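Visitor: Contents are mmCIF, C-alpha atoms and all ligand atoms; chains and numbers go by the auth columns; file name query_36.cif:
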```
data_structure
loop_
_atom_site.group_PDB
_atom_site.id
_atom_site.type_symbol
_atom_site.label_atom_id
_atom_site.label_comp_id
_atom_site.label_asym_id
_atom_site.label_seq_id
_atom_site.Cartn_x
_atom_site.Cartn_y
_atom_site.Cartn_z
_atom_site.B_iso_or_equiv
_atom_site.auth_seq_id
_atom_site.auth_asym_id
ATOM 1 C CA MET A 1 -25.744 38.686 46.980 0.00 3 A
ATOM 2 C CA SER A 2 -28.061 35.780 46.360 0.00 4 A
ATOM 3 C CA GLY A 3 -31.599 35.292 47.468 0.00 5 A
ATOM 4 C CA SER A 4 -34.988 33.981 46.642 0.00 6 A
ATOM 5 C CA CYS A 5 -38.491 35.270 47.019 0.00 7 A
ATOM 6 C CA HIS A 6 -41.800 33.490 47.194 0.00 8 A
ATOM 7 C CA THR A 7 -44.989 35.451 46.951 0.00 9 A
ATOM 8 C CA GLN A 8 -48.484 35.472 45.518 0.00 10 A
ATOM 9 C CA VAL A 9 -49.769 37.964 42.995 0.00 11 A
ATOM 10 C CA VAL A 10 -53.247 38.542 41.612 0.00 12 A
ATOM 11 C CA MET A 11 -53.334 38.914 37.845 0.00 13 A
ATOM 12 C CA ILE A 12 -56.028 38.856 35.155 0.00 14 A
ATOM 13 C CA CYS A 13 -56.539 35.477 33.499 0.00 15 A
ATOM 14 C CA GLN A 14 -56.009 35.895 29.740 0.00 16 A
ATOM 15 C CA ARG A 15 -58.620 33.228 28.954 0.00 17 A
ATOM 16 C CA CYS A 16 -61.620 34.293 31.077 0.00 18 A
ATOM 17 C CA LEU A 17 -60.475 37.797 32.216 0.00 19 A
ATOM 18 C CA GLY A 18 -61.167 36.854 35.839 0.00 20 A
ATOM 19 C CA GLU A 19 -58.733 37.311 38.676 0.00 21 A
ATOM 20 C CA VAL A 20 -56.187 34.558 39.139 0.00 22 A
ATOM 21 C CA THR A 21 -53.852 34.198 42.130 0.00 23 A
ATOM 22 C CA LEU A 22 -50.423 32.985 41.091 0.00 24 A
ATOM 23 C CA ASP A 23 -47.518 31.691 43.158 0.00 25 A
ATOM 24 C CA ILE A 24 -44.291 33.396 42.207 0.00 26 A
ATOM 25 C CA ASP A 25 -40.980 31.711 42.994 0.00 27 A
ATOM 26 C CA SER A 26 -37.870 33.557 42.015 0.00 28 A
ATOM 27 C CA SER A 27 -34.225 33.141 42.922 0.00 29 A
ATOM 28 C CA PHE A 28 -31.542 35.590 41.962 0.00 30 A
ATOM 29 C CA GLU A 29 -27.824 36.335 42.146 0.00 31 A
ATOM 30 C CA LEU A 30 -26.877 39.966 42.196 0.00 32 A
ATOM 31 C CA GLY A 31 -23.569 41.769 41.890 0.00 33 A
ATOM 32 C CA LEU A 32 -23.474 44.943 43.971 0.00 34 A
ATOM 33 C CA VAL A 33 -22.020 47.866 42.012 0.00 35 A
ATOM 34 C CA PHE A 34 -21.659 51.628 42.401 0.00 36 A
ATOM 35 C CA ASN A 35 -21.891 52.581 38.722 0.00 37 A
ATOM 36 C CA ASP A 36 -22.511 51.376 35.161 0.00 38 A
ATOM 37 C CA GLU A 37 -18.793 50.789 34.577 0.00 39 A
ATOM 38 C CA GLN A 38 -18.674 48.255 37.409 0.00 40 A
ATOM 39 C CA ALA A 39 -21.930 46.730 36.188 0.00 41 A
ATOM 40 C CA ARG A 40 -20.340 46.033 32.780 0.00 42 A
ATOM 41 C CA GLN A 41 -17.464 44.153 34.428 0.00 43 A
ATOM 42 C CA LEU A 42 -19.711 41.737 36.295 0.00 44 A
ATOM 43 C CA PRO A 43 -19.755 38.085 35.280 0.00 45 A
ATOM 44 C CA ARG A 44 -22.764 37.405 33.076 0.00 46 A
ATOM 45 C CA ARG A 45 -24.559 35.214 35.593 0.00 47 A
ATOM 46 C CA LEU A 46 -24.870 38.165 37.985 0.00 48 A
ATOM 47 C CA GLU A 47 -27.482 40.846 37.615 0.00 49 A
ATOM 48 C CA PRO A 48 -26.189 44.274 38.595 0.00 50 A
ATOM 49 C CA ALA A 49 -27.794 45.989 41.595 0.00 51 A
ATOM 50 C CA GLU A 50 -26.680 49.571 42.001 0.00 52 A
ATOM 51 C CA LEU A 51 -25.914 50.988 45.436 0.00 53 A
ATOM 52 C CA ASP A 52 -26.510 54.639 46.245 0.00 54 A
ATOM 53 C CA GLU A 53 -23.753 57.078 47.339 0.00 55 A
ATOM 54 C CA GLN A 54 -23.963 55.898 50.939 0.00 56 A
ATOM 55 C CA GLY A 55 -23.456 52.305 49.839 0.00 57 A
ATOM 56 C CA GLN A 56 -27.060 51.434 50.587 0.00 58 A
ATOM 57 C CA LEU A 57 -29.136 49.068 48.541 0.00 59 A
ATOM 58 C CA ASP A 58 -32.849 49.685 48.072 0.00 60 A
ATOM 59 C CA LEU A 59 -33.886 46.125 48.811 0.00 61 A
ATOM 60 C CA TRP A 60 -37.564 46.780 48.131 0.00 62 A
ATOM 61 C CA THR A 61 -36.781 47.903 44.563 0.00 63 A
ATOM 62 C CA VAL A 62 -34.579 44.858 44.025 0.00 64 A
ATOM 63 C CA ILE A 63 -37.310 42.473 45.180 0.00 65 A
ATOM 64 C CA GLU A 64 -39.934 44.344 43.169 0.00 66 A
ATOM 65 C CA ASP A 65 -37.859 44.003 39.998 0.00 67 A
ATOM 66 C CA GLU A 66 -37.323 40.303 40.623 0.00 68 A
ATOM 67 C CA VAL A 67 -41.042 39.692 41.076 0.00 69 A
ATOM 68 C CA LEU A 68 -41.861 41.666 37.916 0.00 70 A
ATOM 69 C CA LEU A 69 -39.340 39.588 35.946 0.00 71 A
ATOM 70 C CA ALA A 70 -40.847 36.364 37.283 0.00 72 A
ATOM 71 C CA LEU A 71 -44.419 37.234 36.277 0.00 73 A
ATOM 72 C CA PRO A 72 -45.784 35.039 33.498 0.00 74 A
ATOM 73 C CA PRO A 73 -46.358 36.937 30.213 0.00 75 A
ATOM 74 C CA PHE A 74 -49.647 35.078 29.672 0.00 76 A
ATOM 75 C CA PRO A 75 -51.262 34.435 33.075 0.00 77 A
ATOM 76 C CA THR A 76 -54.133 31.946 33.121 0.00 78 A
ATOM 77 C CA HIS A 77 -56.004 29.820 35.624 0.00 79 A
ATOM 78 C CA SER A 78 -55.153 26.157 35.746 0.00 80 A
ATOM 79 C CA GLU A 79 -57.457 24.182 33.465 0.00 81 A
ATOM 80 C CA ASP A 80 -59.817 23.002 36.210 0.00 82 A
ATOM 81 C CA GLU A 81 -60.160 26.505 37.711 0.00 83 A
ATOM 82 C CA CYS A 82 -60.719 28.618 34.623 0.00 84 A
ATOM 83 C CA GLN A 83 -64.321 29.826 34.235 0.00 85 A
ATOM 84 C CA LEU A 84 -64.035 30.005 30.470 0.00 86 A
ATOM 85 C CA LEU A 85 -62.929 26.396 30.042 0.00 87 A
ATOM 86 C CA GLN A 86 -65.762 25.168 32.285 0.00 88 A
ATOM 87 C CA THR A 87 -68.461 26.951 30.274 0.00 89 A
ATOM 88 C CA GLU A 88 -66.914 26.335 26.863 0.00 90 A
ATOM 89 C CA SER A 89 -69.155 23.331 26.118 0.00 91 A
ATOM 90 C CA GLU A 90 -72.284 25.515 26.303 0.00 92 A
ATOM 91 C CA PRO A 91 -73.330 27.065 23.005 0.00 93 A
ATOM 92 C CA GLU A 92 -72.442 30.739 22.780 0.00 94 A
ATOM 93 C CA PRO A 93 -75.472 33.016 22.670 0.00 95 A
ATOM 94 C CA GLU A 94 -75.827 34.879 19.387 0.00 96 A
ATOM 95 C CA THR A 95 -74.976 38.506 19.868 0.00 97 A
ATOM 96 C CA THR A 96 -76.978 41.247 18.234 0.00 98 A
ATOM 97 C CA ASP A 97 -73.684 42.659 17.012 0.00 99 A
ATOM 98 C CA SER A 98 -72.976 39.719 14.677 0.00 100 A
ATOM 99 C CA ASP A 99 -76.578 39.873 13.419 0.00 101 A
ATOM 100 C CA GLY A 100 -76.151 43.524 12.529 0.00 102 A
ATOM 101 C CA LYS A 101 -73.184 42.755 10.302 0.00 103 A
ATOM 102 C CA ARG A 102 -75.159 40.405 8.085 0.00 104 A
ATOM 103 C CA PRO A 103 -76.683 42.071 4.999 0.00 105 A
ATOM 104 C CA ASN A 104 -80.359 42.591 5.626 0.00 106 A
ATOM 105 C CA PRO A 105 -82.473 41.698 2.518 0.00 107 A
ATOM 106 C CA PHE A 106 -84.977 44.410 3.426 0.00 108 A
ATOM 107 C CA ASP A 107 -82.217 47.026 3.361 0.00 109 A
ATOM 108 C CA VAL A 108 -81.387 45.966 -0.183 0.00 110 A
ATOM 109 C CA LEU A 109 -85.093 46.311 -1.150 0.00 111 A
ATOM 110 C CA ALA A 110 -85.202 49.752 0.433 0.00 112 A
ATOM 111 C CA GLN A 111 -82.186 50.838 -1.620 0.00 113 A
ATOM 112 C CA LEU A 112 -83.813 49.574 -4.853 0.00 114 A
ATOM 113 C CA LYS A 113 -86.978 51.529 -4.093 0.00 115 A
ATOM 114 C CA GLN A 114 -84.995 54.739 -3.645 0.00 116 A
ATOM 115 C CA LYS A 115 -83.603 54.390 -7.185 0.00 117 A
HETATM 116 ZN ZN ZN B . -59.439 31.881 33.676 0.00 201 A
#
```
In structure tokens, what does this structure look like?
Ligand SMILES: [Zn+2]

Guide:
Amino acid sequence: MSGSCHTQVVMICQRCLGEVTLDIDSSFELGLVFNDEQARQLPRRLEPAELDEQGQLDLWTVIEDEVLLALPPFPTHSEDECQLLQTESEPEPETTDSDGKRPNPFDVLAQLKQK
């Protein structure tokens, strides 16, 4: 059985953590089998798709698996759409967190006084 699917998925951009809509195009060739033994005998180019006892194929599961396989491991916006790339030229505001990590000279004085 061969087929193709075209769909859109919404994922999280790994650069700006915003939502990004991606076009997914996937084509597949499946070998229909009843058990693992038959699956092992398939030519390598075919992915096994297992039928149930009535010889029915759960097409939804097959399509779902194909879409999952076609998802990019590192989804991002295109360069002109990504929020992070557009604001990258602006200087990053100093966070209080990074300030807190710096040694404070007054803390050192306070420690000396305690001794
Ligand atoms: Zn982005």

Visitor: Quick one: of A:Thr9, A:Asn37, A:Trp62, A:Leu24, who's nearest to ligand ZN 201 (chain A), counting only C-alpha atoms and all ligand atoms?

Guide: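 For ligand ZN 201 (chain A), the nearest of the candidates is A:Leu24.
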
Visitor: Pick out the closest residue to Cys7 of chain A from this set: A:Val22, A:Ala41, A:Leu32, A:Ala72. Count only C-alpha atoms.

Guide: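 The answer is A:Ala72, which sits nearest to Cys7 of chain A.
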
Visitor: What does the structure give for the distance between atom CA of Ala51 of chain A and atom CA of Gly33 of chain A, in Å to one decimal?

Guide: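 Answer for the atom CA of Ala51 of chain A to atom CA of Gly33 of chain A separation: 6.0 Å.
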
Visitor: Taking 5 positions as the minimum chain separation for residues in the same chain, which residues sit within 12 Å of Val69 of chain A when counting all atoms listed in the file? Answer as a ChimeraX atom specification.

Guide: /A:6-11,24-30,62-64,74

Visitor: Mind telling me what the PyMOL selection byres (((not hetatm)) within 9 of (chain A and resi 201)) catches here, as a PyMOL selection string?

Guide: chain A and resi 14-22+77-81+83-87

Visitor: Rounded to one decimal, what separation in Å do you get between atom CA of Asp60 of chain A and atom CA of Gly5 of chain A?

Guide: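 Separation between atom CA of Asp60 of chain A and atom CA of Gly5 of chain A: 14.5 Å.
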
Visitor: Rebuild N, CA and C atoms on segment 7-35 of chain A, as a compact mmCIF listing (two decimals), in the frame of the given file?

Guide:
```
# COMPACT_ATOMS: atom_id res chain seq x y z
N CYS A 7 -37.26 34.73 46.46
CA CYS A 7 -38.49 35.27 47.02
C CYS A 7 -39.67 34.40 46.57
N HIS A 8 -40.59 34.26 47.46
CA HIS A 8 -41.80 33.49 47.19
C HIS A 8 -42.97 34.38 47.56
N THR A 9 -43.86 34.59 46.66
CA THR A 9 -44.99 35.45 46.95
C THR A 9 -46.17 35.05 46.09
N GLN A 10 -47.29 35.69 46.34
CA GLN A 10 -48.48 35.47 45.52
C GLN A 10 -48.90 36.79 44.90
N VAL A 11 -49.27 36.76 43.66
CA VAL A 11 -49.77 37.96 43.00
C VAL A 11 -51.14 37.65 42.38
N VAL A 12 -51.95 38.68 42.27
CA VAL A 12 -53.25 38.54 41.61
C VAL A 12 -53.15 39.19 40.24
N MET A 13 -53.39 38.40 39.21
CA MET A 13 -53.33 38.91 37.84
C MET A 13 -54.67 38.62 37.15
N ILE A 14 -54.81 39.09 35.92
CA ILE A 14 -56.03 38.86 35.16
C ILE A 14 -55.79 37.66 34.23
N CYS A 15 -56.65 36.66 34.36
CA CYS A 15 -56.54 35.48 33.50
C CYS A 15 -56.78 35.89 32.04
N GLN A 16 -55.89 35.49 31.14
CA GLN A 16 -56.01 35.90 29.74
C GLN A 16 -57.01 35.04 28.95
N ARG A 17 -57.56 34.01 29.61
CA ARG A 17 -58.62 33.23 28.95
C ARG A 17 -60.00 33.75 29.32
N CYS A 18 -60.26 33.93 30.65
CA CYS A 18 -61.62 34.29 31.08
C CYS A 18 -61.69 35.72 31.62
N LEU A 19 -60.55 36.42 31.71
CA LEU A 19 -60.48 37.80 32.22
C LEU A 19 -60.91 37.91 33.67
N GLY A 20 -60.92 36.81 34.40
CA GLY A 20 -61.17 36.85 35.84
C GLY A 20 -59.85 36.98 36.58
N GLU A 21 -59.95 37.20 37.88
CA GLU A 21 -58.73 37.31 38.68
C GLU A 21 -58.16 35.93 38.95
N VAL A 22 -56.85 35.82 38.85
CA VAL A 22 -56.19 34.56 39.14
C VAL A 22 -55.03 34.84 40.09
N THR A 23 -54.94 34.04 41.16
CA THR A 23 -53.85 34.20 42.13
C THR A 23 -52.73 33.24 41.75
N LEU A 24 -51.55 33.79 41.56
CA LEU A 24 -50.42 32.98 41.09
C LEU A 24 -49.32 32.95 42.14
N ASP A 25 -48.70 31.80 42.31
CA ASP A 25 -47.52 31.69 43.16
C ASP A 25 -46.30 32.08 42.34
N ILE A 26 -45.52 32.97 42.90
CA ILE A 26 -44.29 33.40 42.21
C ILE A 26 -43.10 32.90 43.02
N ASP A 27 -42.24 32.14 42.38
CA ASP A 27 -40.98 31.71 42.99
C ASP A 27 -39.85 32.24 42.16
N SER A 28 -38.98 32.98 42.77
CA SER A 28 -37.87 33.56 42.02
C SER A 28 -36.60 33.47 42.85
N SER A 29 -35.51 33.07 42.23
CA SER A 29 -34.22 33.14 42.92
C SER A 29 -33.29 33.97 42.06
N PHE A 30 -32.37 34.65 42.72
CA PHE A 30 -31.54 35.59 41.96
C PHE A 30 -30.14 35.68 42.56
N GLU A 31 -29.19 36.04 41.72
CA GLU A 31 -27.82 36.34 42.15
C GLU A 31 -27.48 37.72 41.63
N LEU A 32 -27.14 38.58 42.55
CA LEU A 32 -26.88 39.97 42.20
C LEU A 32 -25.42 40.32 42.47
N GLY A 33 -24.87 41.19 41.62
CA GLY A 33 -23.57 41.77 41.89
C GLY A 33 -23.77 43.22 42.29
N LEU A 34 -23.26 43.58 43.48
CA LEU A 34 -23.47 44.94 43.97
C LEU A 34 -22.44 45.88 43.35
N VAL A 35 -22.92 46.94 42.72
CA VAL A 35 -22.02 47.87 42.01
C VAL A 35 -22.39 49.30 42.38
```
